[in-house]
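Raw final.tsv, TSV, C-alpha atoms and all ligand atoms:
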```tsv
chain	number	residue	atom	x	y	z
O	413	MET	CA	149.72	56.87	172.74
O	414	ALA	CA	153.20	58.25	173.32
O	415	SER	CA	153.35	60.99	175.92
O	416	THR	CA	155.05	64.31	175.37
O	417	ALA	CA	153.91	65.37	178.81
O	418	SER	CA	156.76	67.61	179.82
O	419	SER	CA	156.50	69.87	176.77
O	420	LEU	CA	152.97	71.27	177.21
O	421	GLN	CA	152.88	75.01	177.79
O	422	THR	CA	149.67	76.68	178.96
O	423	ILE	CA	149.28	80.31	177.94
O	424	ALA	CA	146.31	82.54	178.78
O	425	GLY	CA	147.45	85.87	177.31
O	426	ILE	CA	147.32	86.89	173.64
O	427	THR	CA	150.60	88.83	173.77
O	428	GLU	CA	152.51	85.94	175.29
O	429	LEU	CA	150.96	83.45	172.87
O	430	ARG	CA	151.89	85.61	169.87
O	431	ALA	CA	155.49	85.93	171.08
O	432	THR	CA	155.81	82.17	171.59
O	433	LEU	CA	154.29	81.36	168.21
O	434	SER	CA	156.30	83.97	166.26
O	435	ALA	CA	159.46	82.43	167.68
O	436	ALA	CA	158.26	78.96	166.63
O	437	ARG	CA	157.38	80.19	163.14
O	438	ALA	CA	160.77	81.91	162.81
O	439	ALA	CA	162.36	78.58	163.71
O	440	GLY	CA	160.49	77.05	160.77
O	441	ARG	CA	157.79	75.20	162.69
O	442	ARG	CA	154.45	74.63	161.00
O	443	ILE	CA	151.59	75.47	163.35
O	444	ALA	CA	148.53	73.22	163.43
O	445	PHE	CA	145.59	74.60	165.40
O	446	VAL	CA	142.68	72.84	167.13
O	447	PRO	CA	140.00	75.22	168.48
O	448	THR	CA	137.70	73.76	171.17
O	449	MET	CA	135.44	74.70	174.04
O	450	GLY	CA	137.01	72.06	176.30
O	451	ALA	CA	135.42	69.17	178.21
O	452	LEU	CA	137.63	67.09	175.96
O	453	HIS	CA	136.66	63.63	174.77
O	454	GLU	CA	138.07	61.18	172.23
O	455	GLY	CA	136.59	63.25	169.36
O	456	HIS	CA	138.69	66.27	170.33
O	457	LEU	CA	141.73	64.05	170.92
O	458	THR	CA	141.45	62.64	167.41
O	459	LEU	CA	141.67	66.21	166.09
O	460	ILE	CA	144.99	66.48	167.96
O	461	ASP	CA	146.26	63.34	166.17
O	462	THR	CA	145.39	64.91	162.81
O	463	ALA	CA	147.04	68.18	163.83
O	464	ARG	CA	150.22	66.37	164.85
O	465	ALA	CA	150.35	64.61	161.51
O	466	ALA	CA	149.79	67.88	159.61
O	467	GLY	CA	152.10	70.23	161.49
O	468	ASP	CA	154.97	70.27	163.94
O	469	LEU	CA	153.64	72.55	166.65
O	470	VAL	CA	150.15	71.77	167.89
O	471	VAL	CA	148.18	74.62	169.47
O	472	MET	CA	144.84	73.83	171.09
O	473	SER	CA	142.53	76.54	172.39
O	474	ILE	CA	139.97	76.01	175.12
O	475	PHE	CA	137.48	78.85	175.24
O	476	VAL	CA	133.75	78.67	175.91
O	477	ASN	CA	132.69	81.40	173.51
O	478	PRO	CA	129.82	83.46	174.96
O	479	LEU	CA	129.09	85.00	171.56
O	480	GLN	CA	127.81	81.72	170.10
O	481	PHE	CA	125.28	81.07	172.88
O	482	ALA	CA	121.88	82.78	172.90
O	483	PRO	CA	120.35	83.97	176.17
O	484	GLY	CA	118.73	80.94	177.78
O	485	GLU	CA	121.11	78.45	176.14
O	486	ASP	CA	123.63	76.43	178.14
O	487	TYR	CA	126.56	78.91	178.35
O	488	GLN	CA	126.45	78.94	182.16
O	489	ARG	CA	126.18	75.19	182.62
O	490	TYR	CA	128.57	74.26	179.78
O	491	PRO	CA	131.12	71.88	181.39
O	492	ARG	CA	134.43	73.54	182.39
O	493	VAL	CA	137.05	71.03	183.50
O	494	LEU	CA	140.39	72.65	182.72
O	495	ALA	CA	142.60	70.49	184.97
O	496	GLU	CA	141.27	67.30	183.40
O	497	ASP	CA	141.52	68.79	179.89
O	498	THR	CA	145.11	69.90	180.43
O	499	LEU	CA	146.13	66.37	181.35
O	500	LEU	CA	144.38	64.87	178.30
O	501	ALA	CA	145.83	67.47	175.93
O	502	GLU	CA	149.29	66.93	177.37
O	503	GLN	CA	149.08	63.14	177.05
O	504	ARG	CA	147.92	63.37	173.45
O	505	GLY	CA	150.73	65.70	172.39
O	506	VAL	CA	149.46	69.28	172.41
O	507	ASP	CA	152.43	71.66	172.57
O	508	VAL	CA	150.66	74.89	173.49
O	509	LEU	CA	147.31	75.12	175.27
O	510	PHE	CA	145.71	78.55	174.86
O	511	THR	CA	143.22	79.19	177.68
O	512	PRO	CA	142.17	82.84	177.45
O	513	SER	CA	139.64	84.41	179.79
O	514	ARG	CA	136.46	85.97	178.46
O	515	GLU	CA	138.03	89.42	179.06
O	516	GLU	CA	141.16	88.49	177.12
O	517	ILE	CA	139.13	87.63	174.02
O	518	TYR	CA	136.34	90.20	174.40
O	519	GLY	CA	137.96	93.09	176.27
O	520	GLN	CA	135.12	94.96	174.72
O	521	THR	CA	132.02	93.57	173.01
O	522	PRO	CA	132.91	93.39	169.32
O	523	VAL	CA	131.36	96.01	167.08
O	524	VAL	CA	132.48	94.22	163.91
O	525	THR	CA	131.50	90.56	163.56
O	526	VAL	CA	131.66	87.93	160.80
O	527	HIS	CA	128.35	87.13	159.17
O	528	PRO	CA	127.89	83.56	157.88
O	529	GLY	CA	125.59	84.37	154.95
O	530	ASN	CA	123.15	81.81	153.55
O	531	ILE	CA	125.04	78.71	154.70
O	532	GLY	CA	124.42	79.70	158.30
O	533	LYS	CA	120.73	80.54	157.91
O	534	GLU	CA	119.02	77.18	158.06
O	535	TRP	CA	119.06	74.16	160.40
O	536	GLU	CA	121.27	75.09	163.36
O	537	GLY	CA	121.05	78.69	162.15
O	538	THR	CA	117.26	78.70	162.45
O	539	ALA	CA	117.29	77.16	165.88
O	540	ARG	CA	120.17	79.36	167.06
O	541	PRO	CA	120.00	82.66	165.10
O	542	GLN	CA	123.27	84.26	166.38
O	543	HIS	CA	125.17	81.02	166.68
O	544	PHE	CA	127.28	80.94	163.51
O	545	GLU	CA	128.03	84.65	163.66
O	546	GLY	CA	129.42	84.02	167.14
O	547	VAL	CA	131.37	80.99	165.93
O	548	LEU	CA	132.89	82.76	162.92
O	549	THR	CA	133.77	85.85	164.92
O	550	VAL	CA	135.71	83.86	167.51
O	551	VAL	CA	137.29	81.57	164.90
O	552	ALA	CA	138.44	84.61	162.89
O	553	LYS	CA	139.91	86.16	166.04
O	554	LEU	CA	141.65	82.91	166.97
O	555	PHE	CA	143.03	82.51	163.43
O	556	ASN	CA	144.45	86.04	163.64
O	557	ILE	CA	145.96	85.36	167.06
O	558	VAL	CA	147.42	81.92	166.30
O	559	GLU	CA	148.15	82.37	162.55
O	560	PRO	CA	148.17	78.62	161.93
O	561	ALA	CA	149.16	76.93	158.68
O	562	VAL	CA	146.48	74.30	159.31
O	563	ALA	CA	143.28	74.33	161.38
O	564	VAL	CA	141.48	71.11	162.32
O	565	PHE	CA	137.72	70.80	162.78
O	566	GLY	CA	135.35	67.87	163.34
O	567	GLN	CA	132.71	66.59	160.93
O	568	LYS	CA	130.48	66.38	164.02
O	569	ASP	CA	129.65	70.06	163.49
O	570	LEU	CA	129.23	69.85	159.74
O	571	GLN	CA	127.42	73.14	159.25
O	572	GLN	CA	130.19	74.81	161.25
O	573	VAL	CA	132.72	73.24	158.87
O	574	ALA	CA	130.80	74.68	155.92
O	575	VAL	CA	130.70	78.24	157.31
O	576	VAL	CA	134.35	78.12	158.42
O	577	LYS	CA	135.50	76.87	155.00
O	578	ALA	CA	133.45	79.61	153.33
O	579	MET	CA	134.98	82.26	155.61
O	580	VAL	CA	138.54	81.02	154.95
O	581	ARG	CA	137.88	81.14	151.21
O	582	ASP	CA	135.96	84.42	151.08
O	583	LEU	CA	138.13	86.37	153.54
O	584	ASP	CA	141.44	84.89	152.29
O	585	PHE	CA	142.74	83.38	155.49
O	586	PRO	CA	146.11	81.84	154.52
O	587	LEU	CA	145.51	78.41	156.04
O	588	GLU	CA	144.25	74.95	155.22
O	589	VAL	CA	141.15	73.49	156.91
O	590	LEU	CA	141.24	69.77	157.73
O	591	VAL	CA	138.11	67.85	158.74
O	592	VAL	CA	138.14	64.75	160.95
O	593	PRO	CA	135.34	62.12	160.75
O	594	ILE	CA	132.93	61.79	163.69
O	595	VAL	CA	134.17	59.74	166.63
O	596	ARG	CA	131.32	57.72	168.18
O	597	GLU	CA	130.59	55.73	171.30
O	598	ALA	CA	130.28	51.95	170.84
O	599	ASP	CA	126.49	52.29	170.51
O	600	GLY	CA	126.76	54.89	167.74
O	601	LEU	CA	126.16	58.07	169.75
O	602	ALA	CA	128.38	60.85	168.42
O	603	MET	CA	130.76	61.96	171.16
O	604	SER	CA	129.92	65.41	172.49
O	605	SER	CA	130.78	67.48	175.54
O	606	ARG	CA	127.02	67.79	176.07
O	607	ASN	CA	126.62	64.01	176.46
O	608	ARG	CA	127.67	64.61	180.08
O	609	PHE	CA	124.21	66.10	180.61
O	610	LEU	CA	122.42	62.88	179.59
O	611	ALA	CA	121.25	60.70	182.44
O	612	GLY	CA	119.84	57.13	182.32
O	613	LYS	CA	116.92	56.92	179.92
O	614	GLU	CA	118.02	60.11	178.11
O	615	ARG	CA	121.37	58.55	177.24
O	616	GLU	CA	119.51	55.61	175.69
O	617	LEU	CA	117.12	57.85	173.73
O	618	ALA	CA	120.04	59.93	172.43
O	619	THR	CA	121.32	56.96	170.40
O	620	MET	CA	118.15	57.10	168.27
O	621	LEU	CA	119.55	60.00	166.23
O	622	SER	CA	122.57	58.06	164.98
O	623	LYS	CA	120.38	54.97	164.49
O	624	ALA	CA	118.02	57.00	162.29
O	625	LEU	CA	120.94	58.44	160.30
O	626	PHE	CA	122.51	54.99	159.81
O	627	LYS	CA	119.14	53.67	158.64
O	628	LEU	CA	118.97	56.48	156.12
O	629	ARG	CA	122.43	55.63	154.84
O	630	GLY	CA	121.46	51.95	154.60
O	631	THR	CA	118.34	52.84	152.62
O	632	PHE	CA	120.48	54.99	150.29
O	633	ALA	CA	122.87	52.05	149.84
O	634	GLY	CA	119.82	49.95	148.96
O	635	GLY	CA	119.16	52.26	146.00
O	636	GLU	CA	116.77	54.95	147.26
O	637	ARG	CA	117.81	58.39	146.00
O	638	ARG	CA	114.79	60.59	146.77
O	639	ALA	CA	115.57	62.82	149.73
O	640	SER	CA	111.95	62.93	150.87
O	641	ALA	CA	111.73	59.12	150.99
O	642	LEU	CA	115.04	58.86	152.85
O	643	GLU	CA	114.06	61.57	155.34
O	644	ALA	CA	110.73	59.81	155.98
O	645	VAL	CA	112.54	56.58	156.88
O	646	GLY	CA	114.61	58.35	159.53
O	647	TRP	CA	111.77	60.55	160.74
O	648	ARG	CA	109.60	57.50	161.49
O	649	MET	CA	112.27	56.28	163.92
O	650	LEU	CA	112.36	59.57	165.81
O	651	GLU	CA	108.73	60.53	166.11
O	652	ARG	CA	106.44	59.39	168.90
O	653	LEU	CA	109.26	58.60	171.31
O	654	PRO	CA	108.33	59.99	174.74
O	655	GLY	CA	111.15	62.22	175.99
O	656	LEU	CA	112.63	62.84	172.53
O	657	THR	CA	111.73	65.74	170.27
O	658	PRO	CA	113.03	65.56	166.70
O	659	ARG	CA	114.03	69.01	165.40
O	660	TYR	CA	115.11	68.34	161.83
O	661	LEU	CA	116.36	65.53	159.63
O	662	ALA	CA	117.36	66.44	156.09
O	663	ALA	CA	119.52	65.58	153.10
O	664	VAL	CA	121.73	68.54	152.18
O	665	SER	CA	124.76	69.53	150.18
O	666	PRO	CA	127.63	69.70	152.70
O	667	ALA	CA	129.10	72.81	151.03
O	668	THR	CA	125.99	74.98	150.80
O	669	PHE	CA	123.71	73.36	153.37
O	670	GLN	CA	120.85	73.70	150.91
O	671	ARG	CA	118.45	70.75	150.90
O	672	VAL	CA	118.81	68.42	147.90
O	673	ASN	CA	115.91	66.58	146.22
O	674	ILE	CA	117.94	63.73	144.77
O	675	VAL	CA	120.78	62.49	146.96
O	676	GLN	CA	124.25	61.91	145.47
O	677	PRO	CA	127.23	60.23	147.08
O	678	GLY	CA	129.05	62.92	149.10
O	679	ASP	CA	125.83	64.63	150.19
O	680	ALA	CA	125.03	64.65	153.90
O	681	ALA	CA	122.11	63.71	156.11
O	682	ILE	CA	121.92	66.03	159.10
O	683	GLY	CA	119.76	65.74	162.17
O	684	ALA	CA	118.99	67.42	165.48
O	685	ILE	CA	116.94	66.22	168.43
O	686	ARG	CA	116.16	67.40	171.90
O	687	VAL	CA	116.36	64.95	174.79
O	688	GLY	CA	115.34	66.44	178.11
O	689	ASP	CA	117.12	69.79	178.29
O	690	THR	CA	119.87	68.76	175.90
O	691	ARG	CA	120.04	69.51	172.19
O	692	LEU	CA	122.05	66.99	170.15
O	693	ILE	CA	123.19	67.09	166.51
O	694	ASP	CA	124.68	64.45	164.26
O	695	ASN	CA	125.23	63.71	160.57
O	696	ILE	CA	126.41	61.10	158.10
O	697	ILE	CA	127.89	61.43	154.62
O	698	PHE	CA	126.20	59.30	151.93
O	701	LIG	P1	133.60	71.86	170.67
O	701	LIG	O1	134.53	71.79	171.84
O	701	LIG	O2	132.32	71.14	170.88
O	701	LIG	O3	133.44	73.26	170.14
O	701	LIG	O4	134.34	71.07	169.52
O	701	LIG	C1	135.64	71.38	169.12
O	701	LIG	C2	135.95	70.63	167.86
O	701	LIG	O5	135.87	69.23	168.09
O	701	LIG	C3	134.98	70.96	166.72
O	701	LIG	O6	135.70	71.08	165.51
O	701	LIG	C4	134.08	69.76	166.73
O	701	LIG	O7	133.48	69.49	165.49
O	701	LIG	C5	135.04	68.65	167.10
O	701	LIG	N1	134.32	67.49	167.62
O	701	LIG	C6	133.41	67.49	168.62
O	701	LIG	N2	132.90	66.26	168.79
O	701	LIG	C7	133.49	65.45	167.87
O	701	LIG	C8	133.38	64.07	167.54
O	701	LIG	N3	132.54	63.25	168.16
O	701	LIG	N4	134.15	63.60	166.53
O	701	LIG	C9	134.99	64.43	165.85
O	701	LIG	N5	135.14	65.73	166.14
O	701	LIG	C10	134.41	66.25	167.12
```

Could the structure of this file be written out as structure tokens, please?
Ligand code: AMP
Amino acid sequence: MASTASSLQTIAGITELRATLSAARAAGRRIAFVPTMGALHEGHLTLIDTARAAGDLVVMSIFVNPLQFAPGEDYQRYPRVLAEDTLLAEQRGVDVLFTPSREEIYGQTPVVTVHPGNIGKEWEGTARPQHFEGVLTVVAKLFNIVEPAVAVFGQKDLQQVAVVKAMVRDLDFPLEVLVVPIVREADGLAMSSRNRFLAGKERELATMLSKALFKLRGTFAGGERRASALEAVGWRMLERLPGLTPRYLAAVSPATFQRVNIVQPGDAAIGAIRVGDTRLIDNIIF
């Protein structure tokens, strides 16, 4: 990958970022934005590639958003490796890295937040009741700070994609949302910053989620269309594995996140498991 190393600018303040980006916009540059929480891996870097193709100034944010973590979740232990991330972002062609502090984004605890509605209620929303409200609130703030023409998200967090697309549509954000397919390890495990927490046997068990989802897709390709039958095929692979707790496995519409009874091409299978102290999610599109 070609390096544009010397051009990366790291900015931590909102005022300075706005000034830099207004100047770029005035010069006719199209801003493509990649929001992340850092601990970058190849999945994040692929979002940068898409952003570079879609715009001519790539802004990446790295901000571990406290609002989307519930008390007792992994906010404190979430990996923070800014020096490493800066190097990777630079090498992959990010122009501006926005690295605000918690105080810069939440000088005061927000009184007004963005509610995800029904799409955010089930699945991840059940397990993590404030999660999508926290996600949408920070994404809305970042959109208003960066004012991108294009924002790039990963299919890895498919329910997040659905709530973000709904927010952009319903609140009239003037930008286009692009979605990048899931980048996986050679053994199928979806890349995730949380994979760093998996040690030895846990790392092996974690691959069972993608294996179950691939099996479901294979069964669909073989002609099975009943969601309950497809879910049962995957569920059998996840139950009774010591050290792994399946949380959900379901066929849903990717726009509404409502469960479907009969699966059509374009629908999604979503799954979540817990391995040790780590919660992992994954999905496939039929
Ligand atoms: P995160 O830093 O986990 O909040 O993720 C930032 C963005 O990267 C989100 O849009 C994620 O969906 C996306 N992402 C994370 N993992 C992957 C992956 N394995 N493949 C593609 N995109 C990903």

Margin query: Just to confirm, what's the straight-line distance from atom CA of Val523 of chain O to atom CA of Met579 of chain O in Å (one decimal)?
Written below: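 Result for atom CA of Val523 of chain O versus atom CA of Met579 of chain O: 18.3 Å, one decimal.
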
Margin query: I'd like the contact shell of Phe585 of chain O - 12 Å cut-off, only C-alpha atoms, skipping same-chain residues fewer than 5 positions apart - returned as a PyMOL selection string.
Written below: chain O and resi 551-556+558-563+576-580

Next item on the list: Please identify the residues whose atoms come within 9 Å of ligand LIG 701 (chain O), using all atoms listed in the file, and report them as a PyMOL selection string.
Entry: chain O and resi 446-459+474-477+564-570+572-573+591-597+601-606+694

Next item on the list: Find, counting only C-alpha atoms, the residue in O:Pro478, O:Ala662, O:Gln503, O:Leu429 that gets nearest to Glu515 of chain O.
Entry: O:Pro478

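Between atom CA of Leu628 of chain O and atom CA of Ile531 of chain O the separation is 23.1 Å.
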
Margin query: List the spatial neighbours of Gly440 of chain O as a count of residues only - criterion: any atom at most 12 Å away, all atoms listed in the file, same-chain residues fewer than 5 positions off excluded.
Written below: 7

Is it possible to add all heavy atoms to segment 497-508 of chain O and hand it back as a PDB file, in the coordinates of the input?
```
ATOM      1  N   ASP O 497     141.211  68.537 181.307  1.00  0.00           N
ATOM      2  CA  ASP O 497     141.520  68.790 179.890  1.00  0.00           C
ATOM      3  C   ASP O 497     143.020  68.955 179.655  1.00  0.00           C
ATOM      4  O   ASP O 497     143.566  68.472 178.661  1.00  0.00           O
ATOM      5  CB  ASP O 497     140.815  70.079 179.411  1.00  0.00           C
ATOM      6  CG  ASP O 497     139.317  69.893 179.214  1.00  0.00           C
ATOM      7  OD1 ASP O 497     138.848  68.733 179.221  1.00  0.00           O
ATOM      8  OD2 ASP O 497     138.620  70.912 179.046  1.00  0.00           O
ATOM      9  N   THR O 498     143.680  69.651 180.579  1.00  0.00           N
ATOM     10  CA  THR O 498     145.110  69.900 180.430  1.00  0.00           C
ATOM     11  C   THR O 498     145.878  68.581 180.393  1.00  0.00           C
ATOM     12  O   THR O 498     146.762  68.377 179.555  1.00  0.00           O
ATOM     13  CB  THR O 498     145.629  70.786 181.596  1.00  0.00           C
ATOM     14  OG1 THR O 498     144.858  71.977 181.615  1.00  0.00           O
ATOM     15  CG2 THR O 498     147.087  71.132 181.432  1.00  0.00           C
ATOM     16  N   LEU O 499     145.488  67.687 181.278  1.00  0.00           N
ATOM     17  CA  LEU O 499     146.130  66.370 181.350  1.00  0.00           C
ATOM     18  C   LEU O 499     145.939  65.603 180.040  1.00  0.00           C
ATOM     19  O   LEU O 499     146.884  65.036 179.476  1.00  0.00           O
ATOM     20  CB  LEU O 499     145.508  65.606 182.514  1.00  0.00           C
ATOM     21  CG  LEU O 499     146.373  64.558 183.171  1.00  0.00           C
ATOM     22  CD1 LEU O 499     147.605  65.219 183.793  1.00  0.00           C
ATOM     23  CD2 LEU O 499     145.575  63.843 184.278  1.00  0.00           C
ATOM     24  N   LEU O 500     144.687  65.600 179.544  1.00  0.00           N
ATOM     25  CA  LEU O 500     144.380  64.870 178.300  1.00  0.00           C
ATOM     26  C   LEU O 500     145.131  65.469 177.106  1.00  0.00           C
ATOM     27  O   LEU O 500     145.694  64.742 176.283  1.00  0.00           O
ATOM     28  CB  LEU O 500     142.866  64.902 178.022  1.00  0.00           C
ATOM     29  CG  LEU O 500     141.999  64.052 178.952  1.00  0.00           C
ATOM     30  CD1 LEU O 500     140.525  64.370 178.742  1.00  0.00           C
ATOM     31  CD2 LEU O 500     142.264  62.566 178.718  1.00  0.00           C
ATOM     32  N   ALA O 501     145.155  66.792 177.045  1.00  0.00           N
ATOM     33  CA  ALA O 501     145.830  67.470 175.930  1.00  0.00           C
ATOM     34  C   ALA O 501     147.322  67.167 175.962  1.00  0.00           C
ATOM     35  O   ALA O 501     147.950  66.900 174.927  1.00  0.00           O
ATOM     36  CB  ALA O 501     145.584  68.970 176.021  1.00  0.00           C
ATOM     37  N   GLU O 502     147.862  67.201 177.160  1.00  0.00           N
ATOM     38  CA  GLU O 502     149.290  66.930 177.370  1.00  0.00           C
ATOM     39  C   GLU O 502     149.638  65.504 176.923  1.00  0.00           C
ATOM     40  O   GLU O 502     150.568  65.284 176.158  1.00  0.00           O
ATOM     41  CB  GLU O 502     149.531  67.080 178.875  1.00  0.00           C
ATOM     42  CG  GLU O 502     150.936  67.161 179.342  1.00  0.00           C
ATOM     43  CD  GLU O 502     150.953  67.558 180.819  1.00  0.00           C
ATOM     44  OE1 GLU O 502     150.308  66.859 181.654  1.00  0.00           O
ATOM     45  OE2 GLU O 502     151.592  68.571 181.142  1.00  0.00           O
ATOM     46  N   GLN O 503     148.823  64.546 177.380  1.00  0.00           N
ATOM     47  CA  GLN O 503     149.080  63.140 177.050  1.00  0.00           C
ATOM     48  C   GLN O 503     148.989  62.883 175.554  1.00  0.00           C
ATOM     49  O   GLN O 503     149.667  62.027 175.019  1.00  0.00           O
ATOM     50  CB  GLN O 503     148.087  62.230 177.773  1.00  0.00           C
ATOM     51  CG  GLN O 503     148.380  62.087 179.245  1.00  0.00           C
ATOM     52  CD  GLN O 503     147.222  61.475 180.009  1.00  0.00           C
ATOM     53  OE1 GLN O 503     146.111  61.342 179.489  1.00  0.00           O
ATOM     54  NE2 GLN O 503     147.462  61.116 181.258  1.00  0.00           N
ATOM     55  N   ARG O 504     148.130  63.644 174.873  1.00  0.00           N
ATOM     56  CA  ARG O 504     147.920  63.370 173.450  1.00  0.00           C
ATOM     57  C   ARG O 504     148.884  64.153 172.569  1.00  0.00           C
ATOM     58  O   ARG O 504     148.884  64.000 171.362  1.00  0.00           O
ATOM     59  CB  ARG O 504     146.471  63.687 173.099  1.00  0.00           C
ATOM     60  CG  ARG O 504     145.938  62.964 171.894  1.00  0.00           C
ATOM     61  CD  ARG O 504     145.931  61.444 172.067  1.00  0.00           C
ATOM     62  NE  ARG O 504     145.136  60.844 171.015  1.00  0.00           N
ATOM     63  CZ  ARG O 504     144.022  60.143 171.221  1.00  0.00           C
ATOM     64  NH1 ARG O 504     143.604  59.908 172.438  1.00  0.00           N
ATOM     65  NH2 ARG O 504     143.347  59.660 170.198  1.00  0.00           N
ATOM     66  N   GLY O 505     149.667  65.061 173.167  1.00  0.00           N
ATOM     67  CA  GLY O 505     150.730  65.700 172.390  1.00  0.00           C
ATOM     68  C   GLY O 505     150.487  67.132 171.967  1.00  0.00           C
ATOM     69  O   GLY O 505     151.100  67.612 171.014  1.00  0.00           O
ATOM     70  N   VAL O 506     149.606  67.837 172.674  1.00  0.00           N
ATOM     71  CA  VAL O 506     149.460  69.280 172.410  1.00  0.00           C
ATOM     72  C   VAL O 506     150.714  69.982 172.928  1.00  0.00           C
ATOM     73  O   VAL O 506     151.214  69.677 174.011  1.00  0.00           O
ATOM     74  CB  VAL O 506     148.200  69.834 173.114  1.00  0.00           C
ATOM     75  CG1 VAL O 506     148.170  71.360 173.093  1.00  0.00           C
ATOM     76  CG2 VAL O 506     146.946  69.266 172.458  1.00  0.00           C
ATOM     77  N   ASP O 507     151.246  70.920 172.138  1.00  0.00           N
ATOM     78  CA  ASP O 507     152.430  71.660 172.570  1.00  0.00           C
ATOM     79  C   ASP O 507     152.061  72.913 173.349  1.00  0.00           C
ATOM     80  O   ASP O 507     152.674  73.226 174.360  1.00  0.00           O
ATOM     81  CB  ASP O 507     153.277  72.056 171.348  1.00  0.00           C
ATOM     82  CG  ASP O 507     153.775  70.832 170.604  1.00  0.00           C
ATOM     83  OD1 ASP O 507     154.570  70.075 171.202  1.00  0.00           O
ATOM     84  OD2 ASP O 507     153.352  70.604 169.449  1.00  0.00           O
ATOM     85  N   VAL O 508     151.060  73.639 172.837  1.00  0.00           N
ATOM     86  CA  VAL O 508     150.660  74.890 173.490  1.00  0.00           C
ATOM     87  C   VAL O 508     149.151  74.874 173.695  1.00  0.00           C
ATOM     88  O   VAL O 508     148.385  74.667 172.744  1.00  0.00           O
ATOM     89  CB  VAL O 508     151.047  76.121 172.635  1.00  0.00           C
ATOM     90  CG1 VAL O 508     150.558  77.403 173.304  1.00  0.00           C
ATOM     91  CG2 VAL O 508     152.553  76.177 172.412  1.00  0.00           C
TER      92      VAL O 508
END
```
